[in-house]
Every structure is written in C-alpha cells, then in structure tokens.
>>> print(open('target_37.cif').read())   # mmCIF, C-alpha atoms
data_query
loop_
_atom_site.label_atom_id
_atom_site.label_comp_id
_atom_site.auth_asym_id
_atom_site.auth_seq_id
_atom_site.Cartn_x
_atom_site.Cartn_y
_atom_site.Cartn_z
CA MET S 10 -18.24 -19.96 11.87
CA ILE S 11 -20.91 -20.49 14.52
CA LEU S 12 -22.73 -23.76 14.95
CA LYS S 13 -26.45 -23.05 14.98
CA ASN S 14 -29.56 -25.22 14.82
CA ASN S 15 -33.26 -25.30 14.01
CA LEU S 16 -34.05 -27.41 17.04
CA LYS S 17 -36.70 -25.14 18.53
CA GLU S 18 -38.64 -24.76 15.26
CA VAL S 19 -38.45 -28.47 14.39
CA ARG S 20 -39.40 -29.54 17.91
CA GLN S 21 -42.39 -27.21 17.95
CA LYS S 22 -43.49 -28.48 14.52
CA LYS S 23 -43.47 -32.02 15.91
CA SER S 24 -45.48 -30.76 18.93
CA LEU S 25 -42.89 -31.97 21.39
CA THR S 26 -42.11 -30.16 24.63
CA GLN S 27 -38.52 -29.64 25.78
CA GLU S 28 -39.19 -32.05 28.63
CA GLU S 29 -40.47 -34.78 26.28
CA LEU S 30 -37.58 -34.44 23.85
CA ALA S 31 -35.10 -34.42 26.72
CA SER S 32 -36.60 -37.54 28.21
CA ASN S 33 -36.66 -39.32 24.80
CA VAL S 34 -32.97 -38.68 24.14
CA GLY S 35 -31.89 -39.20 27.76
CA VAL S 36 -30.73 -35.72 28.78
CA SER S 37 -32.05 -33.01 31.10
CA ARG S 38 -34.48 -30.31 29.96
CA GLN S 39 -31.76 -27.76 30.72
CA THR S 40 -29.51 -29.36 28.11
CA ILE S 41 -32.20 -28.99 25.42
CA ILE S 42 -32.73 -25.34 26.45
CA SER S 43 -28.97 -24.70 26.20
CA ILE S 44 -28.77 -26.28 22.72
CA GLU S 45 -31.75 -24.23 21.50
CA ARG S 46 -30.09 -21.04 22.77
CA TYR S 47 -26.76 -22.04 21.04
CA ARG S 48 -25.04 -22.03 24.42
CA TYR S 49 -24.12 -25.69 24.37
CA LYS S 50 -22.78 -27.65 21.40
CA PRO S 51 -23.96 -31.25 21.71
CA THR S 52 -21.71 -34.22 21.01
CA LEU S 53 -22.16 -36.04 17.72
CA GLU S 54 -23.93 -38.85 19.58
CA LEU S 55 -26.51 -36.52 21.13
CA ALA S 56 -26.97 -34.57 17.89
CA MET S 57 -27.69 -37.84 16.04
CA LYS S 58 -30.08 -39.01 18.77
CA ILE S 59 -32.00 -35.72 18.54
CA SER S 60 -32.16 -35.78 14.74
CA LYS S 61 -33.33 -39.40 14.82
CA GLN S 62 -35.96 -38.55 17.42
CA LEU S 63 -37.20 -35.62 15.34
CA ASN S 64 -36.97 -37.66 12.14
CA ILE S 65 -34.83 -35.09 10.34
CA ARG S 66 -31.40 -35.27 8.70
CA ILE S 67 -28.65 -34.03 11.01
CA GLU S 68 -27.37 -31.47 8.47
CA ASN S 69 -30.85 -29.94 8.29
CA LEU S 70 -30.98 -29.61 12.05
CA PHE S 71 -27.45 -28.32 12.73
CA TYR S 72 -25.67 -25.90 10.39
CA PHE S 73 -22.76 -23.46 10.33
CA GLU S 74 -23.39 -19.75 10.03
CA GLU S 75 -20.61 -17.49 8.68
CA MET Z 18 -34.58 -16.52 39.23
CA SER Z 19 -35.55 -20.19 39.18
CA LEU Z 20 -32.87 -22.66 40.17
CA SER Z 21 -32.55 -26.29 39.18
CA LYS Z 22 -31.86 -29.11 41.63
CA LYS Z 23 -28.21 -29.27 40.54
CA GLU Z 24 -27.75 -25.53 41.00
CA ILE Z 25 -29.26 -25.66 44.50
CA SER Z 26 -26.95 -28.54 45.46
CA ILE Z 27 -23.97 -26.41 44.37
CA LEU Z 28 -25.27 -23.52 46.50
CA ILE Z 29 -25.54 -25.94 49.45
CA GLU Z 30 -21.82 -26.76 48.99
CA ILE Z 31 -20.89 -23.06 48.78
CA ILE Z 32 -22.86 -22.25 51.95
CA TYR Z 33 -21.20 -25.19 53.73
CA SER Z 34 -17.72 -23.94 52.79
CA ILE Z 35 -18.53 -20.41 54.02
CA VAL Z 36 -20.11 -21.67 57.28
CA PHE Z 37 -17.16 -24.03 57.83
CA ALA Z 38 -14.74 -21.12 57.32
CA LEU Z 39 -16.67 -18.87 59.73
CA ILE Z 40 -17.28 -21.42 62.50
CA PHE Z 41 -14.27 -23.72 62.53
CA LEU Z 42 -11.38 -21.74 61.07
CA PRO Z 43 -11.16 -19.24 63.99
CA TYR Z 44 -10.21 -22.19 66.26
CA PHE Z 45 -7.29 -23.12 63.97
CA TYR Z 46 -6.38 -19.43 63.61
CA GLU Z 47 -6.12 -19.01 67.39
CA ASN Z 48 -4.02 -22.17 67.72
CA GLN Z 49 -1.73 -21.67 64.74
CA GLU Z 50 1.25 -20.89 66.97
CA LYS Z 51 0.94 -24.29 68.67
CA THR Z 52 1.85 -27.75 67.53
CA LEU Z 53 -1.00 -30.20 66.91
CA ILE Z 54 -0.31 -32.15 70.14
CA LEU Z 55 -0.63 -28.99 72.25
CA MET Z 56 -3.88 -27.78 70.68
CA ASP Z 57 -6.67 -27.77 73.28
CA GLY Z 58 -9.64 -29.90 72.32
CA LEU Z 59 -8.42 -30.79 68.84
CA ILE Z 60 -10.06 -34.23 68.86
CA GLN Z 61 -13.39 -32.73 70.03
CA LYS Z 62 -13.13 -30.09 67.28
CA ILE Z 63 -12.55 -32.76 64.62
CA PHE Z 64 -15.56 -34.73 65.89
CA GLN Z 65 -17.62 -31.51 65.90
CA ILE Z 66 -16.65 -30.87 62.26
CA ILE Z 67 -17.56 -34.43 61.21
CA ILE Z 68 -20.88 -34.46 63.10
CA CYS Z 69 -21.89 -30.97 61.94
CA SER Z 70 -21.04 -31.85 58.30
CA VAL Z 71 -23.06 -35.09 58.42
CA ILE Z 72 -26.07 -33.33 60.01
CA TYR Z 73 -25.87 -30.36 57.61
CA PHE Z 74 -25.68 -32.47 54.44
CA SER Z 75 -28.32 -34.98 55.62
CA ILE Z 76 -30.83 -32.20 56.38
CA THR Z 77 -30.17 -30.07 53.29
CA TYR Z 78 -30.17 -32.97 50.83
CA SER Z 79 -33.29 -34.47 52.42
CA ILE Z 80 -35.09 -31.12 51.99
CA LEU Z 81 -33.81 -30.95 48.41
CA GLU Z 82 -35.09 -34.45 47.64
CA VAL Z 83 -38.51 -33.56 49.08
CA ALA Z 84 -38.67 -30.25 47.19
CA PHE Z 85 -37.52 -31.79 43.87
CA LYS Z 86 -39.06 -35.22 43.77
CA LYS Z 87 -38.03 -35.88 40.17
CA LYS Z 88 -34.67 -37.60 39.86
CA GLU Z 89 -32.19 -35.75 37.64
CA ASN Z 90 -29.65 -37.91 35.86
CA LEU Z 91 -26.26 -36.63 34.81
CA ASP Z 92 -25.85 -36.07 31.09
CA GLU Z 93 -23.02 -34.93 28.80
CA ARG Z 94 -23.59 -31.23 29.65
CA ASP Z 95 -23.13 -32.01 33.36
CA ASP Z 96 -19.97 -33.97 32.52
CA LEU Z 97 -18.60 -30.98 30.59
CA ILE Z 98 -19.40 -28.53 33.40
CA ASN Z 99 -18.01 -30.85 36.08
CA SER Z 100 -14.80 -31.49 34.14
CA LYS Z 101 -14.24 -27.75 33.60
CA SER Z 102 -14.86 -26.80 37.24
CA TYR Z 103 -12.88 -29.73 38.69
CA LYS Z 104 -10.01 -28.87 36.34
CA LEU Z 105 -9.98 -25.33 37.73
CA GLY Z 106 -10.11 -26.72 41.30
CA TYR Z 107 -7.25 -29.14 40.54
CA LEU Z 108 -5.09 -26.36 39.05
CA LEU Z 109 -5.75 -24.14 42.08
CA TYR Z 110 -4.89 -27.02 44.46
CA GLU Z 111 -1.63 -27.65 42.61
CA PHE Z 112 -0.76 -23.95 42.54
CA SER Z 113 -1.58 -23.43 46.23
CA LEU Z 114 0.45 -26.49 47.27
CA PHE Z 115 3.35 -25.03 45.35
CA ILE Z 116 2.87 -21.72 47.21
CA ILE Z 117 2.67 -23.48 50.63
CA ILE Z 118 5.84 -25.49 49.98
CA GLY Z 119 7.60 -22.31 48.80
CA TYR Z 120 6.36 -20.45 51.91
CA ILE Z 121 7.63 -23.18 54.25
CA CYS Z 122 11.01 -23.33 52.51
CA SER Z 123 11.45 -19.54 52.54
CA LYS Z 124 10.45 -19.37 56.22
CA LEU Z 125 13.00 -22.03 57.15
CA GLN Z 126 15.66 -20.24 55.13
CA ASN Z 127 14.83 -16.84 56.69
CA LYS Z 128 14.93 -18.43 60.12
CA GLU Z 129 18.46 -19.68 59.53
CA LEU Z 130 19.52 -16.21 58.34
CA LEU Z 131 17.97 -14.59 61.44
CA ASN Z 132 19.87 -17.03 63.62
CA LEU Z 133 23.08 -15.46 62.34
CA THR Z 134 21.95 -11.99 63.45
CA GLY Z 135 21.49 -13.16 67.04
CA ASN Z 136 18.10 -11.44 67.44
CA GLN Z 137 16.29 -14.10 69.51
CA GLU Z 138 12.88 -12.35 69.53
CA LEU Z 139 12.75 -12.09 65.75
CA TYR Z 140 14.12 -15.61 65.48
CA ASN Z 141 11.26 -16.97 67.64
CA SER Z 142 8.64 -15.09 65.59
CA PHE Z 143 9.70 -17.13 62.58
CA GLU Z 144 8.83 -20.36 64.39
CA LEU Z 145 7.15 -22.75 61.96
CA THR Z 146 4.47 -24.82 63.70
CA ASP Z 147 2.33 -27.60 62.27
CA GLY Z 148 -0.70 -25.66 63.61
CA GLY Z 149 0.20 -22.84 61.25
CA ILE Z 150 0.60 -25.21 58.32
CA VAL Z 151 -2.76 -26.88 59.10
CA PHE Z 152 -4.43 -23.45 59.29
CA SER Z 153 -2.98 -22.33 55.93
CA ILE Z 154 -4.03 -25.60 54.26
CA LEU Z 155 -7.58 -25.34 55.68
CA VAL Z 156 -7.92 -21.71 54.51
CA LEU Z 157 -6.74 -22.68 51.03
CA LEU Z 158 -9.04 -25.71 50.91
CA ALA Z 159 -12.05 -23.59 51.89
CA LEU Z 160 -11.15 -20.85 49.40
CA ILE Z 161 -10.53 -23.24 46.51
CA SER Z 162 -13.72 -25.14 47.27
CA ILE Z 163 -15.72 -21.89 47.17
CA ILE Z 164 -14.06 -20.73 43.92
CA LYS Z 165 -14.60 -24.13 42.25
CA SER Z 166 -18.27 -24.26 43.29
CA LEU Z 167 -18.90 -20.65 42.22
CA TYR Z 168 -17.38 -21.40 38.81
CA GLN Z 169 -19.50 -24.56 38.55
CA PHE Z 170 -22.61 -22.51 39.41
CA TYR Z 171 -21.64 -19.86 36.84
CA LEU Z 172 -21.25 -22.55 34.16
CA TYR Z 173 -24.64 -24.06 34.99
CA ARG Z 174 -26.21 -20.62 34.53
CA THR Z 175 -24.39 -19.77 31.28
CA VAL Z 176 -23.68 -23.00 29.35
#
>>> encode(input="target_37.cif", output="structure tokens")
Amino acid sequence: MILKNNLKEVRQKKSLTQEELASNVGVSRQTIISIERYRYKPTLELAMKISKQLNIRIENLFYFEE
Amino acid sequence: MSLSKKEISILIEIIYSIVFALIFLPYFYENQEKTLILMDGLIQKIFQIIICSVIYFSITYSILEVAFKKKENLDERDDLINSKSYKLGYLLYEFSLFIIIGYICSKLQNKELLNLTGNQELYNSFELTDGGIVFSILVLLALISIIKSLYQFYLYRTV
C-alpha cells in the first residue's frame, strides 16, 4: 500500500501557492513539494495541520493506494 | 539545477572537507613517522587550521545570507534528513574507531613477533607513532564527514 494524497489539487482549488501553504503550517516550501510528489510522508501532526488549513477531512486528503 | 539555502550550506561543508584534506593532510602525512612533540611547526599548523576554518565559514555563510535573505527554519523533514545522515556518520565513526583500534593492536602484536625474528630493519618499520595515529584519524574524519554530507545532500534532493 502506498500513501498518496490530493494535496496539489486541493491546494490549487483553494488558490493557495506552495509558499503560502508552507508558511501557514510552519514548514518549508520544499516540504510541501516533497509531500505533493509522494516523496515525503508527513507526520500526523503536519497532516492534520494541512487538512485544517485546507478545510478538508484528513482521510479525503491522504489515502492508501493498493 | 536550482539549489536551496540548506543544500548550498551542505555543499560548503563538503568543499571545506575536501580543501582541508588537500591543504592540511599532506603535512600530517609527511610527519606521520614522528611523534607529536617532534613535529615541526605543529602549533602553527593548528592555528592555521583554526584561522582558515573561521575565515572560510565566515565568508561563505555571509555570502549565503546575502544571496538568500529569507530565513529558512528547520521543519520535520529537515529533522528526518539530519537524523538519517547523522546516524550514518555515527555508524561510520564507530566502525572506523573499531578499525583503528584493531589496526593498532595488530601492529603492536606483529611488532612483538618481528622482535623474535631479530630483523631490526623490519622491526623498526613497524614503529607505531602518535603522528601516524593522528594522520589516520584525520583521514577518517575527513572521509566520514564527506560521506555524511554527500548522503545528506542526496536526501535533500530525493526526499
């Protein structure tokens, strides 16, 4: 199972740049890029911060793919 | 290839380790047969190393701060990368210390065996000096530092 996410699509829908989202959740832009490319799996704390910031349920943002 | 501030600071460390190895290690290589007390200009060399390091890091980091004005805070991804690379560095340090201790012990043992043969020339070639130990430790430190920083750089590019 691979942990994937809809971060890029959701972020773009909310008209937020990577830089803005990164600054709002207190990480670097590089971290947001890595999460969007599935290179980096965020901690539960960061995942919840991002979902709260994007106003979306965490399970709709992060999901497992078989 | 665009590089972030953190990646450039890792490259600065790698360059420093290579420059250190090229400029200062030959001195310790030439003097590895001597004991530390008999090394010519050891104190001056240590001061040179300290002064050169301070100047190098002050200049490079000042340029870096000017080039990248925005302050970059460490986040959980940095913590993960740092912990992975420092773990590798720590394991290599442990392993190399083990090798050095083994090398010293085997050399001392071989020396005792050669003493029994009565071959004085061969016996003297197995002389273990603290200059030699210092040189081996410095080579290992430089190598491990380069490997650790390269791995850290690789992680920043791939994670």
>>> residues_around(input="target_37.cif", residues="stretch 47-60 of chain S", least_positions_apart="6", cutoff="12 Å", atoms="all atoms listed in the file", output="number ranges by chain")
S: 11-17, 19-20, 23, 25, 27, 29-37, 39-41, 66-74; Z: 92-98, 172-176
>>> residues_around(input="target_37.cif", residues="Z:Ile27", least_positions_apart="3", cutoff="7 Å", atoms="all atoms listed in the file", output="JSON, numbers by chain")
{"Z": [23, 24, 30, 31, 166, 170]}
>>> atom_distance(input="target_37.cif", atom1="atom CA of S:Ile44", atom2="atom CA of Z:Ser102")
20.1 Å
>>> resolve_selection(input="target_37.cif", expression="the PyMOL selection byres ((chain Z and resi 109) around 10)", output="PDB file with C-alpha atoms, keeping the file's coordinate frame")
ATOM      1  CA  TYR Z 103     -12.880 -29.730  38.690  1.00  0.00           C
ATOM      2  CA  LYS Z 104     -10.010 -28.870  36.340  1.00  0.00           C
ATOM      3  CA  LEU Z 105      -9.980 -25.330  37.730  1.00  0.00           C
ATOM      4  CA  GLY Z 106     -10.110 -26.720  41.300  1.00  0.00           C
ATOM      5  CA  TYR Z 107      -7.250 -29.140  40.540  1.00  0.00           C
ATOM      6  CA  LEU Z 108      -5.090 -26.360  39.050  1.00  0.00           C
ATOM      7  CA  TYR Z 110      -4.890 -27.020  44.460  1.00  0.00           C
ATOM      8  CA  GLU Z 111      -1.630 -27.650  42.610  1.00  0.00           C
ATOM      9  CA  PHE Z 112      -0.760 -23.950  42.540  1.00  0.00           C
ATOM     10  CA  SER Z 113      -1.580 -23.430  46.230  1.00  0.00           C
ATOM     11  CA  LEU Z 114       0.450 -26.490  47.270  1.00  0.00           C
ATOM     12  CA  PHE Z 115       3.350 -25.030  45.350  1.00  0.00           C
ATOM     13  CA  LEU Z 157      -6.740 -22.680  51.030  1.00  0.00           C
ATOM     14  CA  LEU Z 158      -9.040 -25.710  50.910  1.00  0.00           C
ATOM     15  CA  LEU Z 160     -11.150 -20.850  49.400  1.00  0.00           C
ATOM     16  CA  ILE Z 161     -10.530 -23.240  46.510  1.00  0.00           C
ATOM     17  CA  SER Z 162     -13.720 -25.140  47.270  1.00  0.00           C
ATOM     18  CA  ILE Z 164     -14.060 -20.730  43.920  1.00  0.00           C
ATOM     19  CA  LYS Z 165     -14.600 -24.130  42.250  1.00  0.00           C
TER      20      LYS Z 165
END
>>> atom_distance(input="target_37.cif", atom1="atom CA of Z:Gly119", atom2="atom CA of Z:Ser153")
12.8 Å
>>> closest_residue(input="target_37.cif", among="S:Met10, S:Glu18, S:Arg46, S:Glu75", to="S:Leu63", atoms="only C-alpha atoms")
S:Glu18
>>> closest_residue(input="target_37.cif", among="Z:Leu131, Z:Leu20, Z:Cys69, Z:Leu28", to="Z:Tyr168", atoms="all atoms listed in the file")
Z:Leu28
>>> resolve_selection(input="target_37.cif", expression="the PyMOL selection byres ((chain Z and resi 36) around 12)", output="number ranges by chain")
Z: 29-35, 37-43, 66, 69-70, 73, 159-160, 163
>>> atom_distance(input="target_37.cif", atom1="atom CA of Z:Ile67", atom2="atom CA of Z:Ile80")
20.1 Å
>>> build_atoms(input="target_37.cif", residues="stretch 43-68 of chain S", atoms="N, CA and C atoms", output="PDB file, keeping the file's coordinate frame")
ATOM      1  N   SER S  43     -30.290 -25.244  26.541  1.00  0.00           N
ATOM      2  CA  SER S  43     -28.970 -24.700  26.200  1.00  0.00           C
ATOM      3  C   SER S  43     -28.646 -24.890  24.718  1.00  0.00           C
ATOM      4  N   ILE S  44     -29.034 -26.046  24.157  1.00  0.00           N
ATOM      5  CA  ILE S  44     -28.770 -26.280  22.720  1.00  0.00           C
ATOM      6  C   ILE S  44     -29.615 -25.309  21.884  1.00  0.00           C
ATOM      7  N   GLU S  45     -30.867 -25.134  22.261  1.00  0.00           N
ATOM      8  CA  GLU S  45     -31.750 -24.230  21.500  1.00  0.00           C
ATOM      9  C   GLU S  45     -31.267 -22.783  21.541  1.00  0.00           C
ATOM     10  N   ARG S  46     -30.610 -22.427  22.644  1.00  0.00           N
ATOM     11  CA  ARG S  46     -30.090 -21.040  22.770  1.00  0.00           C
ATOM     12  C   ARG S  46     -28.659 -20.918  22.241  1.00  0.00           C
ATOM     13  N   TYR S  47     -28.133 -21.975  21.599  1.00  0.00           N
ATOM     14  CA  TYR S  47     -26.760 -22.040  21.040  1.00  0.00           C
ATOM     15  C   TYR S  47     -25.681 -21.871  22.131  1.00  0.00           C
ATOM     16  N   ARG S  48     -26.026 -22.155  23.355  1.00  0.00           N
ATOM     17  CA  ARG S  48     -25.040 -22.030  24.420  1.00  0.00           C
ATOM     18  C   ARG S  48     -24.182 -23.287  24.514  1.00  0.00           C
ATOM     19  N   TYR S  49     -24.815 -24.414  24.227  1.00  0.00           N
ATOM     20  CA  TYR S  49     -24.120 -25.690  24.370  1.00  0.00           C
ATOM     21  C   TYR S  49     -24.106 -26.429  23.031  1.00  0.00           C
ATOM     22  N   LYS S  50     -22.917 -26.883  22.642  1.00  0.00           N
ATOM     23  CA  LYS S  50     -22.780 -27.650  21.400  1.00  0.00           C
ATOM     24  C   LYS S  50     -22.826 -29.126  21.759  1.00  0.00           C
ATOM     25  N   PRO S  51     -23.848 -29.833  21.309  1.00  0.00           N
ATOM     26  CA  PRO S  51     -23.960 -31.250  21.710  1.00  0.00           C
ATOM     27  C   PRO S  51     -22.889 -32.112  21.043  1.00  0.00           C
ATOM     28  N   THR S  52     -22.632 -33.272  21.631  1.00  0.00           N
ATOM     29  CA  THR S  52     -21.710 -34.220  21.010  1.00  0.00           C
ATOM     30  C   THR S  52     -22.395 -34.802  19.783  1.00  0.00           C
ATOM     31  N   LEU S  53     -21.606 -35.449  18.948  1.00  0.00           N
ATOM     32  CA  LEU S  53     -22.160 -36.040  17.720  1.00  0.00           C
ATOM     33  C   LEU S  53     -23.238 -37.070  18.088  1.00  0.00           C
ATOM     34  N   GLU S  54     -22.984 -37.812  19.162  1.00  0.00           N
ATOM     35  CA  GLU S  54     -23.930 -38.850  19.580  1.00  0.00           C
ATOM     36  C   GLU S  54     -25.284 -38.239  19.938  1.00  0.00           C
ATOM     37  N   LEU S  55     -25.250 -37.159  20.722  1.00  0.00           N
ATOM     38  CA  LEU S  55     -26.510 -36.520  21.130  1.00  0.00           C
ATOM     39  C   LEU S  55     -27.188 -35.865  19.933  1.00  0.00           C
ATOM     40  N   ALA S  56     -26.394 -35.218  19.074  1.00  0.00           N
ATOM     41  CA  ALA S  56     -26.970 -34.570  17.890  1.00  0.00           C
ATOM     42  C   ALA S  56     -27.677 -35.602  17.016  1.00  0.00           C
ATOM     43  N   MET S  57     -27.081 -36.792  16.862  1.00  0.00           N
ATOM     44  CA  MET S  57     -27.690 -37.840  16.040  1.00  0.00           C
ATOM     45  C   MET S  57     -28.952 -38.410  16.704  1.00  0.00           C
ATOM     46  N   LYS S  58     -28.898 -38.520  18.028  1.00  0.00           N
ATOM     47  CA  LYS S  58     -30.080 -39.010  18.770  1.00  0.00           C
ATOM     48  C   LYS S  58     -31.242 -38.039  18.577  1.00  0.00           C
ATOM     49  N   ILE S  59     -30.942 -36.728  18.672  1.00  0.00           N
ATOM     50  CA  ILE S  59     -32.000 -35.720  18.540  1.00  0.00           C
ATOM     51  C   ILE S  59     -32.567 -35.740  17.122  1.00  0.00           C
ATOM     52  N   SER S  60     -31.672 -35.794  16.125  1.00  0.00           N
ATOM     53  CA  SER S  60     -32.160 -35.780  14.740  1.00  0.00           C
ATOM     54  C   SER S  60     -32.980 -37.036  14.439  1.00  0.00           C
ATOM     55  N   LYS S  61     -32.573 -38.152  15.016  1.00  0.00           N
ATOM     56  CA  LYS S  61     -33.330 -39.400  14.820  1.00  0.00           C
ATOM     57  C   LYS S  61     -34.705 -39.285  15.485  1.00  0.00           C
ATOM     58  N   GLN S  62     -34.703 -38.719  16.676  1.00  0.00           N
ATOM     59  CA  GLN S  62     -35.960 -38.550  17.420  1.00  0.00           C
ATOM     60  C   GLN S  62     -36.922 -37.624  16.684  1.00  0.00           C
ATOM     61  N   LEU S  63     -36.360 -36.585  16.037  1.00  0.00           N
ATOM     62  CA  LEU S  63     -37.200 -35.620  15.340  1.00  0.00           C
ATOM     63  C   LEU S  63     -37.417 -36.022  13.868  1.00  0.00           C
ATOM     64  N   ASN S  64     -36.821 -37.125  13.497  1.00  0.00           N
ATOM     65  CA  ASN S  64     -36.970 -37.660  12.140  1.00  0.00           C
ATOM     66  C   ASN S  64     -36.543 -36.636  11.082  1.00  0.00           C
ATOM     67  N   ILE S  65     -35.364 -36.107  11.261  1.00  0.00           N
ATOM     68  CA  ILE S  65     -34.830 -35.090  10.340  1.00  0.00           C
ATOM     69  C   ILE S  65     -33.342 -35.362  10.134  1.00  0.00           C
ATOM     70  N   ARG S  66     -32.831 -35.040   8.962  1.00  0.00           N
ATOM     71  CA  ARG S  66     -31.400 -35.270   8.700  1.00  0.00           C
ATOM     72  C   ARG S  66     -30.575 -34.319   9.575  1.00  0.00           C
ATOM     73  N   ILE S  67     -29.459 -34.827  10.070  1.00  0.00           N
ATOM     74  CA  ILE S  67     -28.650 -34.030  11.010  1.00  0.00           C
ATOM     75  C   ILE S  67     -28.196 -32.707  10.411  1.00  0.00           C
ATOM     76  N   GLU S  68     -27.871 -32.708   9.105  1.00  0.00           N
ATOM     77  CA  GLU S  68     -27.370 -31.470   8.470  1.00  0.00           C
ATOM     78  C   GLU S  68     -28.488 -30.441   8.280  1.00  0.00           C
TER      79      GLU S  68
END
